[in-house]
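J.: Enclosed is the structure file final23.txt (compact mmCIF, C-alpha atoms and all ligand atoms).
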# COMPACT_ATOMS: atom_id res chain seq x y z
CA MET D 1 -3.79 -15.01 -6.08
CA PRO D 2 -2.43 -13.73 -9.39
CA ARG D 3 1.38 -13.76 -9.34
CA SER D 4 3.16 -10.57 -10.22
CA GLY D 5 6.50 -12.16 -9.44
CA ILE D 6 9.40 -9.79 -8.88
CA GLN D 7 8.84 -6.03 -8.59
CA LEU D 8 11.06 -3.06 -7.81
CA THR D 9 10.06 -0.03 -5.80
CA GLU D 10 11.88 2.98 -4.39
CA GLU D 11 10.48 3.75 -0.94
CA ASP D 12 10.86 3.17 2.78
CA ILE D 13 10.36 -0.54 3.50
CA THR D 14 8.72 0.24 6.86
CA GLY D 15 5.58 1.45 5.08
CA ILE D 16 5.11 -1.68 2.97
CA LYS D 17 2.15 -3.93 3.68
CA ALA D 18 3.65 -7.25 2.61
CA ASP D 19 3.14 -10.47 4.58
CA ALA D 20 6.78 -10.03 5.65
CA ILE D 21 9.44 -7.39 5.28
CA VAL D 22 13.06 -8.44 5.58
CA ASN D 23 15.45 -6.67 7.91
CA ALA D 24 19.16 -6.37 7.15
CA ALA D 25 20.21 -6.98 10.74
CA ASN D 26 23.46 -7.69 12.57
CA ASN D 27 24.43 -10.80 14.48
CA SER D 28 23.09 -9.45 17.79
CA LEU D 29 19.58 -8.81 16.35
CA LEU D 30 19.43 -5.90 18.80
CA GLY D 31 18.95 -3.17 16.20
CA GLY D 32 21.34 -0.75 14.59
CA GLY D 33 21.37 1.97 11.94
CA GLY D 34 20.19 1.81 8.34
CA VAL D 35 17.14 -0.26 7.54
CA ASP D 36 17.56 -2.11 10.86
CA GLY D 37 17.14 1.13 12.77
CA ALA D 38 14.19 2.23 10.63
CA ILE D 39 12.37 -1.07 11.12
CA HIS D 40 12.88 -1.07 14.90
CA ARG D 41 11.74 2.56 15.17
CA ALA D 42 8.59 1.86 13.16
CA ALA D 43 7.80 -1.49 14.82
CA GLY D 44 8.18 -0.21 18.37
CA PRO D 45 9.71 -1.78 21.50
CA GLY D 46 7.91 -5.10 21.17
CA LEU D 47 10.15 -6.02 18.24
CA LEU D 48 13.33 -5.54 20.26
CA ALA D 49 11.87 -7.53 23.15
CA GLU D 50 11.11 -10.47 20.86
CA CYS D 51 14.53 -10.18 19.16
CA ARG D 52 16.27 -10.16 22.52
CA ALA D 53 14.76 -13.55 23.27
CA LEU D 54 16.15 -15.00 20.01
CA GLY D 55 19.74 -14.84 21.20
CA GLY D 56 21.31 -13.53 18.00
CA CYS D 57 21.61 -14.86 14.44
CA PRO D 58 24.68 -16.15 12.57
CA THR D 59 25.59 -14.50 9.25
CA GLY D 60 23.66 -16.08 6.37
CA GLU D 61 20.81 -17.26 8.59
CA ALA D 62 17.35 -15.77 9.17
CA ARG D 63 14.90 -15.47 12.05
CA ILE D 64 11.22 -14.45 12.00
CA THR D 65 9.32 -12.24 14.42
CA LYS D 66 5.98 -10.49 14.49
CA GLY D 67 5.73 -7.05 12.86
CA TYR D 68 4.19 -5.19 15.83
CA ASN D 69 3.35 -1.60 14.75
CA LEU D 70 4.52 -2.20 11.17
CA PRO D 71 1.93 -2.70 8.41
CA ALA D 72 3.68 -6.03 7.65
CA ALA D 73 2.55 -8.96 9.78
CA TRP D 74 6.04 -10.43 10.04
CA VAL D 75 9.66 -9.31 10.01
CA ILE D 76 12.29 -11.74 8.75
CA HIS D 77 15.66 -10.74 10.15
CA THR D 78 18.71 -11.87 8.22
CA VAL D 79 22.37 -11.05 8.68
CA GLY D 80 24.26 -10.39 5.48
CA PRO D 81 28.02 -10.72 5.03
CA VAL D 82 30.34 -7.76 5.43
CA TRP D 83 32.12 -7.21 2.09
CA HIS D 84 35.84 -8.02 2.34
CA GLY D 85 36.61 -8.04 -1.37
CA GLY D 86 34.66 -11.15 -2.35
CA SER D 87 37.12 -13.91 -1.51
CA GLN D 88 35.84 -14.74 1.98
CA GLY D 89 32.65 -16.53 0.98
CA GLU D 90 30.58 -13.35 0.75
CA PRO D 91 28.59 -14.35 -2.38
CA GLU D 92 27.57 -17.71 -0.88
CA LEU D 93 26.68 -16.11 2.45
CA LEU D 94 24.52 -13.47 0.75
CA ALA D 95 22.77 -16.15 -1.30
CA ARG D 96 22.13 -18.09 1.91
CA CYS D 97 20.45 -15.02 3.42
CA TYR D 98 17.92 -14.97 0.58
CA ARG D 99 17.41 -18.75 0.61
CA ASN D 100 16.83 -18.78 4.37
CA CYS D 101 14.36 -15.87 4.12
CA PHE D 102 12.47 -17.74 1.38
CA ALA D 103 12.54 -20.92 3.48
CA LEU D 104 10.84 -19.08 6.35
CA ALA D 105 8.32 -17.55 3.91
CA ARG D 106 7.45 -21.07 2.75
CA GLU D 107 7.29 -22.43 6.32
CA TYR D 108 4.90 -19.63 7.33
CA GLY D 109 2.86 -19.83 4.12
CA LEU D 110 3.62 -16.21 3.17
CA LYS D 111 2.51 -14.93 -0.26
CA THR D 112 4.32 -11.59 -0.38
CA ILE D 113 7.78 -10.62 0.88
CA ALA D 114 9.73 -7.35 0.59
CA PHE D 115 13.53 -7.17 0.73
CA PRO D 116 15.93 -4.26 1.24
CA ALA D 117 19.27 -4.43 -0.58
CA ILE D 118 20.92 -6.64 2.04
CA SER D 119 24.59 -5.90 2.82
CA THR D 120 24.88 -3.04 0.30
CA GLY D 121 24.86 -0.25 2.89
CA VAL D 122 27.07 -0.31 5.98
CA TYR D 123 28.31 -3.78 5.03
CA GLY D 124 29.69 -2.45 1.76
CA TYR D 125 28.62 -5.16 -0.67
CA PRO D 126 28.82 -3.93 -4.29
CA LYS D 127 25.25 -3.14 -5.34
CA GLU D 128 25.22 -4.76 -8.80
CA GLU D 129 26.72 -8.05 -7.60
CA ALA D 130 24.35 -8.11 -4.62
CA ALA D 131 21.35 -7.39 -6.86
CA ARG D 132 22.37 -10.19 -9.25
CA ILE D 133 22.40 -12.67 -6.35
CA ALA D 134 19.07 -11.34 -5.02
CA VAL D 135 17.34 -11.65 -8.41
CA ARG D 136 18.76 -15.15 -9.04
CA GLU D 137 17.54 -16.41 -5.66
CA ALA D 138 14.14 -14.73 -6.10
CA ARG D 139 13.60 -16.41 -9.46
CA ARG D 140 14.56 -19.75 -7.93
CA ALA D 141 12.15 -19.21 -5.01
CA LEU D 142 9.26 -18.38 -7.36
CA ALA D 143 9.97 -21.53 -9.38
CA GLU D 144 10.10 -23.72 -6.26
CA ASN D 145 7.23 -22.26 -4.22
CA ALA D 146 3.88 -21.92 -6.01
CA HIS D 147 2.39 -20.28 -2.92
CA LEU D 148 4.79 -17.33 -3.16
CA ALA D 149 3.14 -14.64 -5.30
CA ASP D 150 5.09 -11.39 -4.97
CA ILE D 151 8.69 -10.54 -4.22
CA LEU D 152 9.36 -6.83 -3.81
CA PHE D 153 12.87 -5.39 -3.95
CA VAL D 154 12.71 -2.10 -2.05
CA CYS D 155 15.44 0.28 -3.20
CA PHE D 156 16.16 3.26 -0.97
CA ASN D 157 18.07 5.29 -3.54
CA SER D 158 18.44 5.54 -7.30
CA ALA D 159 21.86 3.85 -7.39
CA THR D 160 20.35 0.77 -5.77
CA ARG D 161 17.35 0.84 -8.08
CA LEU D 162 19.65 1.03 -11.12
CA ALA D 163 21.62 -1.97 -9.84
CA TYR D 164 18.42 -3.99 -9.48
CA GLU D 165 17.14 -2.94 -12.91
CA LYS D 166 20.41 -4.25 -14.38
CA GLY D 167 20.10 -7.43 -12.33
CA LEU D 168 16.56 -8.00 -13.63
CA ALA D 169 17.59 -7.33 -17.21
CA LYS D 170 20.02 -10.25 -17.09
CA THR D 171 18.28 -13.58 -17.68
N1 LIG D 201 13.89 1.21 3.67
C1 LIG D 201 14.46 0.49 2.68
N2 LIG D 201 15.80 0.39 2.51
C2 LIG D 201 16.57 1.08 3.38
C3 LIG D 201 16.05 1.85 4.44
C4 LIG D 201 14.64 1.90 4.56
N3 LIG D 201 14.03 2.61 5.53
N4 LIG D 201 17.09 2.41 5.14
C5 LIG D 201 18.22 2.00 4.52
N5 LIG D 201 17.92 1.21 3.46
C6 LIG D 201 18.81 0.57 2.50
C7 LIG D 201 20.20 1.14 2.35
O1 LIG D 201 20.16 2.30 1.52
C8 LIG D 201 20.89 -0.03 1.68
O2 LIG D 201 20.61 -0.01 0.30
O3 LIG D 201 19.04 -0.76 2.95
C9 LIG D 201 20.21 -1.25 2.30
C10 LIG D 201 21.04 -1.99 3.33
O4 LIG D 201 21.82 -1.05 4.04
P1 LIG D 201 22.03 -1.15 5.65
O5 LIG D 201 20.75 -0.83 6.31
O6 LIG D 201 23.23 -0.35 5.98
O7 LIG D 201 22.29 -2.71 5.89
P2 LIG D 201 23.62 -3.57 5.64
O8 LIG D 201 24.50 -3.00 4.58
O9 LIG D 201 23.11 -4.97 5.46
O10 LIG D 201 24.41 -3.44 7.02
C11 LIG D 201 23.83 -4.04 8.15
O11 LIG D 201 23.89 -2.00 9.38
O12 LIG D 201 22.09 -0.99 10.32
C12 LIG D 201 23.15 -1.81 10.58
O13 LIG D 201 22.39 -3.20 12.38
C13 LIG D 201 22.71 -3.19 11.00
O14 LIG D 201 24.91 -3.82 11.65
C14 LIG D 201 23.92 -3.98 10.65
C15 LIG D 201 24.40 -3.33 9.36
Produce structure tokens that represent the structure in this file.

T.:
Amino acid sequence: MPRSGIQLTEEDITGIKADAIVNAANNSLLGGGGVDGAIHRAAGPGLLAECRALGGCPTGEARITKGYNLPAAWVIHTVGPVWHGGSQGEPELLARCYRNCFALAREYGLKTIAFPAISTGVYGYPKEEAARIAVREARRALAENAHLADILFVCFNSATRLAYEKGLAKT
């Protein structure tokens, strides 16, 4: 499969037909607002039932479920750090979210994965710093996993898209 590497798009992640879409969840994995709420609404009740059986997810870790009514076959749930100013390990925890999502993509042999801007909404992570971490980890994942073809960063507003465009511009 030809690799297009990292791409940006500005749309609702629930409509994306990637092998997996990533959910910016909370530690309970029982749904919430933001992209978490949108994904659960679009996936239907089966997603919540499967999540309930997972028993939660620590910050920085990731869990995978089926996609149910979503066009994506899988949902990878990850819990980003809440921003407390940057001196409580937030950058490392956010990086771990991406690494753990990529580890599951490798384990499940996924070729395409779409991410929202994890932690930059309710959790308050500054968009440009979060995008820089996301782009760095995506480039590392592409270098380490030849099976991974496409990584899509799904921006839900122009401010997020701008932050990712700046993150991609930096080598
Ligand atoms: N598609 C793509 N991106 C979306 C969508 C959507 N349908 N809805 C929201 N977003 C974007 C937001 O604009 C933001 O850029 O996802 C990014 C992450 O924002 P949040 O969803 O608020 O996630 P986060 O900041 O990680 O906070 C997680 O919010 O929804 C709750 O249960 C969730 O407690 C958890 C917390």

J.: Of the candidates D:His40, D:Arg132, D:Lys111, D:Lys170, which shows the shortest atom-to-atom distance to D:Ile151, using all atoms listed in the file?

T.: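 Using all atoms listed in the file, D:Ile151 sits closest to D:Lys111.
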
J.: Just give me the gap between atom CA of D:Arg139 and atom CA of D:Cys101 in Å, one decimal is fine.

T.: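 Distance reported for this atom pair: 13.6 Å.
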
J.: Find the residues of chain D that sit at most 10 Å from ligand LIG 201 (chain D); for each, write down the nearest two atoms and how far apart they are in Å, to one decimal. Count only C-alpha atoms and all ligand atoms. Sort by chain, then by number going up, and give it as JSON lines.

T.:
{"residue": "D:Thr9", "atom": "CA", "partner": "D:LIG201", "partner_atom": "C1", "distance": 9.6}
{"residue": "D:Glu10", "atom": "CA", "partner": "D:LIG201", "partner_atom": "C1", "distance": 7.9}
{"residue": "D:Glu11", "atom": "CA", "partner": "D:LIG201", "partner_atom": "N1", "distance": 6.3}
{"residue": "D:Asp12", "atom": "CA", "partner": "D:LIG201", "partner_atom": "N1", "distance": 3.7}
{"residue": "D:Ile13", "atom": "CA", "partner": "D:LIG201", "partner_atom": "N1", "distance": 3.9}
{"residue": "D:Thr14", "atom": "CA", "partner": "D:LIG201", "partner_atom": "N3", "distance": 6.0}
{"residue": "D:Gly15", "atom": "CA", "partner": "D:LIG201", "partner_atom": "N1", "distance": 8.4}
{"residue": "D:Ile16", "atom": "CA", "partner": "D:LIG201", "partner_atom": "N1", "distance": 9.3}
{"residue": "D:Ile21", "atom": "CA", "partner": "D:LIG201", "partner_atom": "C1", "distance": 9.7}
{"residue": "D:Val22", "atom": "CA", "partner": "D:LIG201", "partner_atom": "C1", "distance": 9.5}
{"residue": "D:Asn23", "atom": "CA", "partner": "D:LIG201", "partner_atom": "O5", "distance": 8.0}
{"residue": "D:Ala24", "atom": "CA", "partner": "D:LIG201", "partner_atom": "O9", "distance": 4.5}
{"residue": "D:Ala25", "atom": "CA", "partner": "D:LIG201", "partner_atom": "C13", "distance": 4.5}
{"residue": "D:Asn26", "atom": "CA", "partner": "D:LIG201", "partner_atom": "C14", "distance": 4.2}
{"residue": "D:Asn27", "atom": "CA", "partner": "D:LIG201", "partner_atom": "O14", "distance": 7.5}
{"residue": "D:Ser28", "atom": "CA", "partner": "D:LIG201", "partner_atom": "O13", "distance": 8.3}
{"residue": "D:Leu29", "atom": "CA", "partner": "D:LIG201", "partner_atom": "O13", "distance": 7.4}
{"residue": "D:Leu30", "atom": "CA", "partner": "D:LIG201", "partner_atom": "O13", "distance": 7.6}
{"residue": "D:Gly31", "atom": "CA", "partner": "D:LIG201", "partner_atom": "O13", "distance": 5.1}
{"residue": "D:Gly32", "atom": "CA", "partner": "D:LIG201", "partner_atom": "O13", "distance": 3.5}
{"residue": "D:Gly33", "atom": "CA", "partner": "D:LIG201", "partner_atom": "O12", "distance": 3.5}
{"residue": "D:Gly34", "atom": "CA", "partner": "D:LIG201", "partner_atom": "O5", "distance": 3.4}
{"residue": "D:Val35", "atom": "CA", "partner": "D:LIG201", "partner_atom": "N4", "distance": 3.6}
{"residue": "D:Asp36", "atom": "CA", "partner": "D:LIG201", "partner_atom": "O12", "distance": 4.7}
{"residue": "D:Gly37", "atom": "CA", "partner": "D:LIG201", "partner_atom": "O12", "distance": 5.9}
{"residue": "D:Ala38", "atom": "CA", "partner": "D:LIG201", "partner_atom": "N3", "distance": 5.1}
{"residue": "D:Ile39", "atom": "CA", "partner": "D:LIG201", "partner_atom": "N3", "distance": 6.9}
{"residue": "D:Arg41", "atom": "CA", "partner": "D:LIG201", "partner_atom": "N3", "distance": 9.9}
{"residue": "D:Ala42", "atom": "CA", "partner": "D:LIG201", "partner_atom": "N3", "distance": 9.4}
{"residue": "D:Thr78", "atom": "CA", "partner": "D:LIG201", "partner_atom": "O9", "distance": 8.6}
{"residue": "D:Val79", "atom": "CA", "partner": "D:LIG201", "partner_atom": "O9", "distance": 6.9}
{"residue": "D:Gly80", "atom": "CA", "partner": "D:LIG201", "partner_atom": "O9", "distance": 5.5}
{"residue": "D:Pro81", "atom": "CA", "partner": "D:LIG201", "partner_atom": "O9", "distance": 7.6}
{"residue": "D:Val82", "atom": "CA", "partner": "D:LIG201", "partner_atom": "O10", "distance": 7.5}
{"residue": "D:Trp83", "atom": "CA", "partner": "D:LIG201", "partner_atom": "O8", "distance": 9.1}
{"residue": "D:Leu94", "atom": "CA", "partner": "D:LIG201", "partner_atom": "O9", "distance": 9.8}
{"residue": "D:Ala114", "atom": "CA", "partner": "D:LIG201", "partner_atom": "C1", "distance": 9.4}
{"residue": "D:Phe115", "atom": "CA", "partner": "D:LIG201", "partner_atom": "C1", "distance": 8.0}
{"residue": "D:Pro116", "atom": "CA", "partner": "D:LIG201", "partner_atom": "N2", "distance": 4.8}
{"residue": "D:Ala117", "atom": "CA", "partner": "D:LIG201", "partner_atom": "C9", "distance": 4.4}
{"residue": "D:Ile118", "atom": "CA", "partner": "D:LIG201", "partner_atom": "O9", "distance": 4.4}
{"residue": "D:Ser119", "atom": "CA", "partner": "D:LIG201", "partner_atom": "O9", "distance": 3.2}
{"residue": "D:Thr120", "atom": "CA", "partner": "D:LIG201", "partner_atom": "O8", "distance": 4.3}
{"residue": "D:Gly121", "atom": "CA", "partner": "D:LIG201", "partner_atom": "O8", "distance": 3.2}
{"residue": "D:Val122", "atom": "CA", "partner": "D:LIG201", "partner_atom": "O6", "distance": 3.8}
{"residue": "D:Tyr123", "atom": "CA", "partner": "D:LIG201", "partner_atom": "O8", "distance": 3.9}
{"residue": "D:Gly124", "atom": "CA", "partner": "D:LIG201", "partner_atom": "O8", "distance": 5.9}
{"residue": "D:Tyr125", "atom": "CA", "partner": "D:LIG201", "partner_atom": "O8", "distance": 7.0}
{"residue": "D:Pro126", "atom": "CA", "partner": "D:LIG201", "partner_atom": "O8", "distance": 9.9}
{"residue": "D:Lys127", "atom": "CA", "partner": "D:LIG201", "partner_atom": "O2", "distance": 7.9}
{"residue": "D:Phe153", "atom": "CA", "partner": "D:LIG201", "partner_atom": "C1", "distance": 9.0}
{"residue": "D:Val154", "atom": "CA", "partner": "D:LIG201", "partner_atom": "C1", "distance": 5.7}
{"residue": "D:Cys155", "atom": "CA", "partner": "D:LIG201", "partner_atom": "N2", "distance": 5.7}
{"residue": "D:Phe156", "atom": "CA", "partner": "D:LIG201", "partner_atom": "N2", "distance": 4.5}
{"residue": "D:Asn157", "atom": "CA", "partner": "D:LIG201", "partner_atom": "O1", "distance": 6.2}
{"residue": "D:Ser158", "atom": "CA", "partner": "D:LIG201", "partner_atom": "O1", "distance": 9.6}
{"residue": "D:Ala159", "atom": "CA", "partner": "D:LIG201", "partner_atom": "O2", "distance": 8.7}
{"residue": "D:Thr160", "atom": "CA", "partner": "D:LIG201", "partner_atom": "O2", "distance": 6.1}
{"residue": "D:Arg161", "atom": "CA", "partner": "D:LIG201", "partner_atom": "O2", "distance": 9.0}

J.: Report the distance between atom CA of D:Gly109 and atom CA of D:Ala138 in Å, rounded to one decimal place.

T.: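 One can read the atom CA of D:Gly109 to atom CA of D:Ala138 distance as 16.1 Å.
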
J.: With all atoms listed in the file as the basis for distance, which of D:Gly56, D:Ile6, D:Gly86, D:Ala72 is at the shortest distance from D:Arg136?

T.: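 Comparing D:Gly56, D:Ile6, D:Gly86, D:Ala72 against D:Arg136, the winner is D:Ile6.
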
J.: Between D:Gly67, D:Gly89, D:Gly5, D:Gly60, single out the one closest to D:Ala143, counting all atoms listed in the file.

T.: D:Gly5

J.: Select, from D:Leu93, D:Leu54, D:Ala43, D:Val135, the residue with the minimum atom-to-atom distance to D:Leu70, counting all atoms listed in the file.

T.: D:Ala43

J.: Quick one, how far is atom CA of D:Ala95 from atom CA of D:Ala130?

T.: 8.8 Å

J.: For a cutoff of 8 Å around the file-coordinate point (2.3, -8.6, -1.6), which residues qualify once you count all atoms listed in the file? I'd like the result as a ChimeraX atom specification.

T.: /D:17-19,111-114,149-152

J.: Given all atoms listed in the file as the basis, pick out the residue of D:Arg106, D:Ala20, D:Gln88, D:Ala131 nearest to D:Thr65.

T.: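 Using all atoms listed in the file, the shortest distance to D:Thr65 belongs to D:Ala20.
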